[in-house]
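Below is upload12.csv, holding CSV, C-alpha atoms and all ligand atoms.
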chain,number,residue,atom,x,y,z
A,1,MET,CA,-127.8,-36.6,-99.0
A,2,GLN,CA,-126.6,-39.4,-96.7
A,3,SER,CA,-123.7,-41.5,-97.7
A,4,SER,CA,-122.1,-44.5,-96.0
A,5,TYR,CA,-119.7,-47.3,-96.5
A,6,ILE,CA,-121.5,-50.7,-96.8
A,7,THR,CA,-119.1,-53.5,-97.5
A,8,SER,CA,-116.2,-54.7,-99.7
A,9,ALA,CA,-115.7,-57.7,-101.9
A,10,GLN,CA,-112.3,-59.2,-102.6
A,11,ARG,CA,-113.5,-62.2,-104.7
A,12,ALA,CA,-116.3,-62.5,-107.3
A,13,HIS,CA,-118.4,-64.8,-105.1
A,14,GLN,CA,-118.4,-62.1,-102.3
A,15,LEU,CA,-120.1,-59.5,-104.5
A,16,PRO,CA,-123.2,-58.6,-102.6
A,17,ASP,CA,-126.8,-58.3,-103.9
A,18,LEU,CA,-127.7,-54.8,-102.8
A,19,GLY,CA,-130.9,-54.3,-104.8
A,20,ALA,CA,-130.3,-50.7,-105.9
A,21,PRO,CA,-128.9,-49.1,-109.0
A,22,GLU,CA,-125.2,-48.9,-109.1
A,23,ILE,CA,-122.6,-46.4,-110.4
A,24,ALA,CA,-119.1,-47.8,-110.7
A,25,MET,CA,-115.9,-45.9,-110.7
A,26,VAL,CA,-112.8,-47.4,-112.3
A,27,GLY,CA,-109.4,-46.1,-113.2
A,28,ARG,CA,-105.6,-46.6,-113.0
A,29,SER,CA,-104.1,-46.4,-109.5
A,30,ASN,CA,-103.5,-42.8,-108.4
A,31,CYS,CA,-105.9,-41.4,-111.0
A,32,GLY,CA,-107.8,-39.6,-108.2
A,33,LYS,CA,-110.6,-42.1,-107.7
A,34,SER,CA,-110.8,-41.9,-103.9
A,35,SER,CA,-110.7,-38.1,-104.1
A,36,LEU,CA,-113.5,-37.9,-106.6
A,37,LEU,CA,-115.6,-40.4,-104.6
A,38,ASN,CA,-115.2,-38.3,-101.5
A,39,ALA,CA,-116.1,-35.2,-103.5
A,40,LEU,CA,-119.2,-36.7,-105.0
A,41,THR,CA,-120.4,-38.0,-101.7
A,42,GLY,CA,-119.4,-34.8,-99.8
A,43,ARG,CA,-117.5,-36.9,-97.3
A,44,ARG,CA,-113.9,-36.1,-96.9
A,45,ASN,CA,-112.7,-39.5,-95.9
A,46,LEU,CA,-115.4,-41.9,-97.0
A,47,ALA,CA,-113.2,-43.7,-99.6
A,48,ARG,CA,-110.2,-43.9,-97.4
A,49,ALA,CA,-112.2,-45.4,-94.5
A,50,SER,CA,-112.1,-48.8,-96.2
A,51,SER,CA,-108.8,-48.7,-98.0
A,52,THR,CA,-106.5,-50.0,-95.4
A,53,PRO,CA,-103.2,-51.4,-96.7
A,54,GLY,CA,-103.5,-54.8,-98.2
A,55,ARG,CA,-107.2,-54.3,-98.9
A,56,THR,CA,-106.8,-52.3,-102.0
A,57,GLN,CA,-107.7,-54.9,-104.6
A,58,MET,CA,-111.4,-54.9,-103.6
A,59,VAL,CA,-114.6,-53.5,-104.7
A,60,ASN,CA,-115.8,-51.1,-102.1
A,61,PHE,CA,-119.5,-50.4,-101.9
A,62,PHE,CA,-121.0,-47.1,-100.7
A,63,ALA,CA,-124.7,-46.1,-100.4
A,64,ILE,CA,-126.0,-42.7,-101.2
A,65,ASP,CA,-129.5,-42.3,-99.7
A,66,ARG,CA,-131.7,-39.7,-101.3
A,67,PRO,CA,-135.4,-38.9,-100.8
A,68,ASP,CA,-136.2,-40.7,-104.0
A,69,GLY,CA,-134.2,-43.8,-103.2
A,70,ARG,CA,-130.8,-45.4,-102.7
A,71,ILE,CA,-127.9,-45.3,-105.2
A,72,ILE,CA,-124.8,-47.5,-104.8
A,73,LEU,CA,-121.4,-46.2,-105.6
A,74,ALA,CA,-119.0,-49.0,-106.3
A,75,ASP,CA,-115.3,-48.2,-106.1
A,76,LEU,CA,-113.5,-50.7,-108.3
A,77,PRO,CA,-109.8,-51.6,-107.6
A,78,GLY,CA,-107.2,-49.5,-109.4
A,79,TYR,CA,-105.1,-51.0,-112.2
A,80,GLY,CA,-101.8,-50.3,-113.9
A,81,PHE,CA,-99.7,-53.4,-113.4
A,82,SER,CA,-96.0,-53.8,-114.1
A,83,ALA,CA,-94.8,-57.0,-115.9
A,84,SER,CA,-94.2,-58.5,-112.4
A,85,GLY,CA,-97.7,-58.0,-111.4
A,86,ARG,CA,-99.2,-60.9,-113.3
A,87,GLU,CA,-101.0,-62.4,-110.3
A,88,ALA,CA,-102.4,-59.0,-109.3
A,89,ARG,CA,-103.6,-58.4,-112.8
A,90,ARG,CA,-105.3,-61.8,-113.0
A,91,HIS,CA,-107.1,-61.2,-109.7
A,92,TRP,CA,-108.1,-57.7,-110.9
A,93,GLN,CA,-109.5,-59.1,-114.2
A,94,GLU,CA,-111.5,-61.8,-112.5
A,95,LEU,CA,-113.0,-59.5,-109.9
A,96,VAL,CA,-113.8,-56.6,-112.3
A,97,SER,CA,-115.2,-58.8,-115.1
A,98,ALA,CA,-117.5,-60.4,-112.6
A,99,TYR,CA,-118.5,-57.1,-111.2
A,100,LEU,CA,-119.3,-55.6,-114.7
A,101,LYS,CA,-121.9,-58.4,-115.3
A,102,ARG,CA,-124.1,-57.1,-112.5
A,103,PRO,CA,-127.6,-56.3,-113.9
A,104,THR,CA,-127.9,-53.5,-111.3
A,105,LEU,CA,-124.9,-51.7,-112.9
A,106,LYS,CA,-126.3,-48.6,-114.7
A,107,GLN,CA,-123.3,-46.3,-115.2
A,108,VAL,CA,-119.5,-46.7,-115.2
A,109,LEU,CA,-117.3,-43.7,-114.6
A,110,PHE,CA,-114.0,-44.3,-116.3
A,111,LEU,CA,-111.5,-42.0,-114.6
A,112,ILE,CA,-108.2,-40.9,-116.2
A,113,ASP,CA,-105.7,-38.3,-115.1
A,114,ILE,CA,-106.0,-35.5,-117.6
A,115,ARG,CA,-102.2,-35.6,-118.1
A,116,ARG,CA,-102.5,-39.2,-119.3
A,117,ALA,CA,-105.4,-38.5,-121.7
A,118,ASP,CA,-103.2,-37.7,-124.8
A,119,PRO,CA,-102.6,-40.5,-125.7
A,120,PRO,CA,-104.4,-42.9,-123.3
A,121,GLY,CA,-102.4,-46.1,-122.4
A,122,ASP,CA,-103.1,-49.5,-124.0
A,123,GLU,CA,-104.5,-50.7,-120.6
A,124,ASP,CA,-106.9,-47.7,-120.6
A,125,LEU,CA,-108.1,-48.3,-124.1
A,126,GLU,CA,-108.5,-52.0,-123.6
A,127,LEU,CA,-110.6,-51.4,-120.5
A,128,LEU,CA,-112.7,-48.7,-122.3
A,129,ASN,CA,-113.3,-51.1,-125.1
A,130,SER,CA,-114.6,-53.9,-122.8
A,131,LEU,CA,-116.7,-51.4,-120.9
A,132,ALA,CA,-118.3,-50.1,-124.2
A,133,ALA,CA,-119.3,-53.7,-125.0
A,134,GLY,CA,-121.3,-53.9,-121.7
A,135,ARG,CA,-124.9,-52.7,-121.0
A,136,ALA,CA,-124.0,-49.9,-118.6
A,137,ALA,CA,-123.5,-46.3,-119.9
A,138,VAL,CA,-119.9,-45.3,-119.9
A,139,LEU,CA,-118.7,-41.7,-119.0
A,140,PRO,CA,-115.0,-40.9,-119.1
A,141,VAL,CA,-113.9,-38.5,-116.5
A,142,LEU,CA,-110.7,-36.5,-116.9
A,143,THR,CA,-109.5,-35.9,-113.4
A,144,LYS,CA,-107.0,-33.3,-111.9
A,145,ALA,CA,-108.1,-30.7,-114.5
A,146,ASP,CA,-106.4,-28.0,-112.4
A,147,LYS,CA,-103.1,-29.2,-113.8
A,148,TYR,CA,-104.0,-27.2,-117.0
A,149,SER,CA,-105.6,-23.9,-117.7
A,150,ALA,CA,-109.3,-24.1,-118.6
A,151,SER,CA,-108.5,-23.8,-122.3
A,152,ALA,CA,-105.7,-26.3,-122.3
A,153,ALA,CA,-108.0,-28.8,-120.4
A,154,LYS,CA,-110.5,-28.4,-123.3
A,155,VAL,CA,-107.8,-29.2,-125.8
A,156,GLN,CA,-106.8,-32.3,-123.8
A,157,MET,CA,-110.5,-33.4,-123.7
A,158,ARG,CA,-110.8,-33.0,-127.5
A,159,LYS,CA,-107.6,-35.0,-128.1
A,160,PHE,CA,-108.8,-37.7,-125.8
A,161,ILE,CA,-112.1,-38.0,-127.7
A,162,ASP,CA,-110.1,-38.1,-130.9
A,163,HIS,CA,-108.1,-41.1,-129.6
A,164,LEU,CA,-111.3,-42.9,-128.7
A,165,GLU,CA,-112.9,-42.2,-132.1
A,166,ALA,CA,-109.7,-43.4,-133.8
A,167,ILE,CA,-110.4,-46.9,-132.4
A,168,GLY,CA,-114.2,-46.7,-133.0
A,169,LEU,CA,-115.3,-45.7,-129.5
A,170,ALA,CA,-118.1,-43.2,-129.4
A,171,VAL,CA,-118.9,-41.7,-126.0
A,172,PRO,CA,-121.9,-39.4,-125.2
A,173,GLY,CA,-119.7,-37.0,-123.4
A,174,VAL,CA,-116.6,-36.5,-121.3
A,175,ALA,CA,-116.6,-35.0,-117.8
A,176,VAL,CA,-113.6,-32.9,-116.7
A,177,THR,CA,-113.1,-32.5,-112.9
A,178,SER,CA,-110.8,-31.1,-110.3
A,179,VAL,CA,-111.4,-31.8,-106.6
A,180,LEU,CA,-108.8,-29.2,-105.8
A,181,LYS,CA,-110.8,-26.4,-107.5
A,182,GLN,CA,-114.2,-28.2,-107.4
A,183,THR,CA,-114.4,-28.0,-111.2
A,184,GLY,CA,-117.1,-30.1,-112.7
A,185,ILE,CA,-118.1,-31.8,-109.4
A,186,ALA,CA,-121.6,-30.3,-109.0
A,187,ASP,CA,-122.4,-30.9,-112.7
A,188,LEU,CA,-121.2,-34.5,-112.5
A,189,ARG,CA,-123.2,-35.1,-109.3
A,190,ARG,CA,-126.3,-33.7,-111.0
A,191,ASP,CA,-125.8,-35.8,-114.2
A,192,LEU,CA,-125.5,-38.9,-112.0
A,193,GLY,CA,-128.7,-38.2,-110.2
A,194,LEU,CA,-126.9,-37.7,-106.9
A,195,GLY,CA,-128.5,-34.3,-106.3
A,196,ASP,CA,-126.9,-31.1,-105.1
B,1,LIG,P1,-106.7,-43.1,-106.3
B,1,LIG,O1,-105.4,-44.0,-106.1
B,1,LIG,O2,-107.2,-43.2,-107.7
B,1,LIG,O3,-107.8,-43.4,-105.3
B,1,LIG,O4,-106.2,-41.6,-106.2
B,1,LIG,P2,-106.3,-40.6,-105.0
B,1,LIG,O5,-107.6,-40.0,-104.9
B,1,LIG,O6,-105.7,-41.2,-103.8
B,1,LIG,O7,-105.3,-39.4,-105.6
B,1,LIG,C1,-104.0,-39.7,-106.0
B,1,LIG,C2,-103.2,-38.4,-105.9
B,1,LIG,O8,-103.7,-37.4,-106.8
B,1,LIG,C3,-103.3,-37.8,-104.5
B,1,LIG,O9,-102.0,-37.2,-104.2
B,1,LIG,C4,-104.4,-36.7,-104.6
B,1,LIG,O10,-104.2,-35.6,-103.7
B,1,LIG,C5,-104.1,-36.2,-106.0
B,1,LIG,N1,-105.4,-35.7,-106.6
B,1,LIG,C6,-106.6,-36.3,-106.7
B,1,LIG,N2,-107.5,-35.5,-107.3
B,1,LIG,C7,-106.8,-34.4,-107.6
B,1,LIG,C8,-107.2,-33.2,-108.3
B,1,LIG,O11,-108.4,-32.9,-108.7
B,1,LIG,N3,-106.2,-32.2,-108.5
B,1,LIG,C9,-104.9,-32.4,-108.1
B,1,LIG,N4,-104.0,-31.5,-108.4
B,1,LIG,N5,-104.6,-33.5,-107.5
B,1,LIG,C10,-105.5,-34.5,-107.2

Before anything else, please render the file you have as structure tokens.
Ligand code: GDP
Amino acid sequence: MQSSYITSAQRAHQLPDLGAPEIAMVGRSNCGKSSLLNALTGRRNLARASSTPGRTQMVNFFAIDRPDGRIILADLPGYGFSASGREARRHWQELVSAYLKRPTLKQVLFLIDIRRADPPGDEDLELLNSLAAGRAAVLPVLTKADKYSASAAKVQMRKFIDHLEAIGLAVPGVAVTSVLKQTGIADLRRDLGLGD
């Protein structure tokens, strides 16, 4: 499996036409998105390579080249804005909502720190709701599972699903990962068609 950084878009009109199916990763800042992207691509510093300071509110595109074709991984900007971050929030919303309309988008990974899964925040639920209204499949990923024992992580997952069901959100499954312990990484890579 070959993976490489392609480009970044800071504005909706800069979103490139890449002609390959896309998997997007989205989550609150610090949820472990860069770490998971590196783990999925097997490249220690792929995500970091493009995230120089001041360039964080961008969509970063990576290509994964497999014998059966190319898959694009799109790293969406993190969210979690304080009351003072109104302009940042507006920019994020504009960019992300334009991105989510792309017909090449097949799958969205919604990442959430497992410690924040019970209960999820309003911003998380709002985003999940709007993702569910789109065409792409949505898979929540509970990250940093090593913060709990295996059985406690399962309880967190169940409670998270209960919170989603309480607001009428049904998901086909929830992935639980730890890059520290490599939990769930191989399974997720296989489920996404990224190979072994
Ligand atoms: P991003 O802001 O969403 O891209 O998050 P990062 O990937 O930069 O991770 C944020 C912090 O969480 C860093 O200190 C990581 O080392 C840590 N982190 C990420 N994944 C894991 C994990 O699976 N387990 C633990 N314990 N820490 C993690």

| Site check for ligand LIG 1 (chain B): residues at most 9 Å away, all atoms listed in the file, as a PyMOL selection string | chain A and resi 26-38+47-48+75+77-78+111-113+143-147+177-183

| Distance of CA of Ala12 (chain A) from CA of Arg90 (chain A), expressed in Å to one decimal place |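 CA of Arg90 (chain A) sits 12.4 Å away from CA of Ala12 (chain A).
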
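Minimum atom-to-atom distances from A:Val96, A:Val108, A:Ile185, A:Met25 to Arg135 (chain A) were compared using all atoms listed in the file, and the lowest value belongs to A:Val108.
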
| request: Could you jot down the CA of Leu192 (chain A) to CA of Gln14 (chain A) separation for me, Å, one decimal place? | output: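 We find that CA of Leu192 (chain A) and CA of Gln14 (chain A) lie 26.1 Å from each other.
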
| Taking into account all atoms listed in the file, which residue in the set A:Thr104, A:Ser151, A:Ser130, A:Thr41 is nearest to Ala20 (chain A)? | A:Thr104

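Residue nearest Glu126 (chain A) within the list A:Ala170, A:Leu142, A:Ile6, A:Leu164: A:Leu164 [criterion: smallest interatomic distance, all atoms listed in the file].
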
Within 12 Å of Ala166 (chain A), counting all atoms listed in the file, which residues qualify if same-chain residues fewer than 4 places away don't, as a compact mmCIF listing (two decimals) with C-alpha atoms, in the frame of the given file?
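Okay, out28.txt is ready:
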# COMPACT_ATOMS: atom_id res chain seq x y z
CA PRO A 119 -102.60 -40.50 -125.70
CA PRO A 120 -104.40 -42.90 -123.30
CA LEU A 125 -108.10 -48.30 -124.10
CA LYS A 159 -107.60 -35.00 -128.10
CA PHE A 160 -108.80 -37.70 -125.80
CA ILE A 161 -112.10 -38.00 -127.70
CA ASP A 162 -110.10 -38.10 -130.90
CA ALA A 170 -118.10 -43.20 -129.40

| said: Give me, as a PyMOL selection string, all polymer residues having an atom no more than 8 Å from Ala132 (chain A), counting all atoms listed in the file and skipping those fewer than 5 positions away in the same chain. | reply: chain A and resi 137-138+169

| request: Give me, please, the distance in Å between CA of Phe81 (chain A) and CA of Val141 (chain A), quoted to one decimal. | output: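 Between CA of Phe81 (chain A) and CA of Val141 (chain A) the gap works out to 20.8 Å.
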